[in-house]
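Working notes for the structure below.
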Amino acid sequence: MKIIADKNEKLSSKTAVALGNFDGIHLGHQKLIESMVSMAKDRKLSPSIFTFDDNFNQFKLGTINNFIMSKSQKENLLENLGIETLYMVNFDKNFMEMSPEEFIKTIIIEKLNANLVVIGFNFKFGYKAKGDKDTLIRMSEKYGFEVKIIPPVIRNDCIVSSTVIRNLIKEGKVQEANEMLGRPYCVRGTVITGKGRGKKLGFATANLKCEIDYIPPKHGVYRTNINYNGLTYKSITNVGSNPTFNDVGFSIETHIINFDKNIYNENIEIEFLEFIREEKKFKSIEDLVYQVKSDIHKVVSR
């Protein structure tokens with residue numbers, strides 16, 4: 001997959017292009033992308049994506065700690081979905097002030113060389129989001145390209161969306177979030193040195209420094225998987241502040257079951273599978289150890 005970050009670069013091949021933010025690449029996005037790839041093959045076009053870099057989420061949501069996936073995760077998943085060209089550019093003032101017709105003429109026609117444009121049912125574009133699917137259909141007649149609109153995906157009587165998924169993750173409802181994502185919610189990062197308490201208590205933990213400001217799941221203990229060096233391991237993960245030790249701040253600590261390798265400064269992925277219990281302050285270290293052993297037994301038995 002070719003990745004283009006230069007907004008001035010023009011594609012030479014005729015393309016089918018999916019437009020959108022693709023925040024999280026959930027089931028709705030996957031349906032749109034898979035439809036576009038299929039139609040591209042039928043029309044002998046190059047399947048492509050146009051989207052904005054991570055700074056668009058910061059601009060749109062106005063907060064940190066809001067990412068469902070990192071840039072590298074998005075790139076990997078899009079390539080696996082059959083995308084040949086990912087046009088991912090920085091969202092700047094010029095894009096923000098671009099009229100819908102200017103976006104169509106400058107981006108869709110001149111830069112993307114698109115014969116087919118595929119969008120979601122609620123797609124908006126251009127200055128103050130004044131452009132929508134009707135605008136695109138109307139302009140397609142003037143500029144000579146085809147438009148296809150993909151309907152929403154419904155799960156549990158709810159339209160699958162990034163906003164819904166964010167809220168589910170924040171509420172600790174990771175199983176519901178995973179159903180909408182079509183895969184486990186997964187954070188990537190580097191293992192860093194912690195306080196070493198877990199090892200002294202008999203269950204060493206990997207402390208994660210995330211590669212991006214992911215949405216933190218609700219504080220508590222989770223059944224998780226760890227992906228490391230091409231292998232997957234069962235694990236139990238605490239998200240929160242370790243109240244038993246009166247710690248301040250937020251951390252992600254994982255005990256990898258039946259694993260004794262030194263992985264400091266190594267990259268791992270944590271897949272959140274199930275919320276087990278709330279974070280709590282224990283009366284004694286012995287009570288904490290007993291509870292952690294119980295948590296581990298619960299994870300192993302799944």
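By convention here, the chains of the structure tokens are called A, B, ... in the order presented, each chain's residues are numbered starting at 1, and ligands are numbered starting at 1 in the order presented.
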Counting only C-alpha atoms, which residues of range 140-179 of chain A sit at most 10 Å from some atom of range 130-133 of chain A, and what is each one's closest atom pair with its distance in Å to one decimal, listed by chain and rising residue number, as a Markdown table?
```
| residue | atom | partner | partner_atom | distance |
| --- | --- | --- | --- | --- |
| A:Val147 | CA | A:Lys133 | CA | 8.7 |
| A:Lys148 | CA | A:Lys133 | CA | 9.2 |
| A:Ile149 | CA | A:Lys133 | CA | 7.6 |
```
task: Could you check which of A:Ile257, A:Ala5, A:Ala206, A:Ile268 is closest to Tyr228 in chain A, using only C-alpha atoms?
output: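 Of A:Ile257, A:Ala5, A:Ala206, A:Ile268, the one nearest Tyr228 in chain A, counting only C-alpha atoms, is A:Ile268.
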Residues within 12 Å of Lys142 in chain A, only C-alpha atoms, excluding chain neighbours under 5 positions, as a PyMOL selection string: chain A and resi 101+104-105+109+135-137
message: Show me, as a PyMOL selection string, the residues that have an atom within 9 Å of Arg188 in chain A when counting only C-alpha atoms, minus same-chain residues fewer than 4 positions from it.
response: chain A and resi 69-70+73+208-212+267-270
How would the residues just picked look written out with C-alpha atoms as a compact mmCIF listing (two decimals), in the first residue's frame?
```txt
# COMPACT_ATOMS: atom_id res chain seq x y z
CA MET A 69 -6.59 3.49 17.10
CA SER A 70 -3.17 4.84 16.19
CA GLN A 73 -2.89 0.51 13.38
CA LEU A 208 2.68 0.39 29.16
CA LYS A 209 3.61 3.72 27.67
CA CYS A 210 1.03 4.09 24.88
CA GLU A 211 2.17 5.21 21.43
CA ILE A 212 -0.76 7.65 21.18
CA ASN A 267 6.56 -3.09 21.96
CA ILE A 268 3.36 -4.93 22.84
CA GLU A 269 -0.36 -4.71 22.11
CA ILE A 270 -3.10 -5.08 24.72
```
message: With only C-alpha atoms as the counted atoms, please give the residues lying no more than 9 Å from Ser12 in chain A, apart from itself and same-chain residues fewer than 6 positions off, as a VMD selection string.
response: chain A and resid 111 to 113
statement: Expressed in Å, the length from CA of Asn94 in chain A to CA of Met139 in chain A is 20.7 Å
task: Quote the spacing between CA of Lys7 in chain A and CA of Val89 in chain A in Å to one decimal place.
output: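 Straight-line distance from CA of Lys7 in chain A to CA of Val89 in chain A works out to 6.0 Å.
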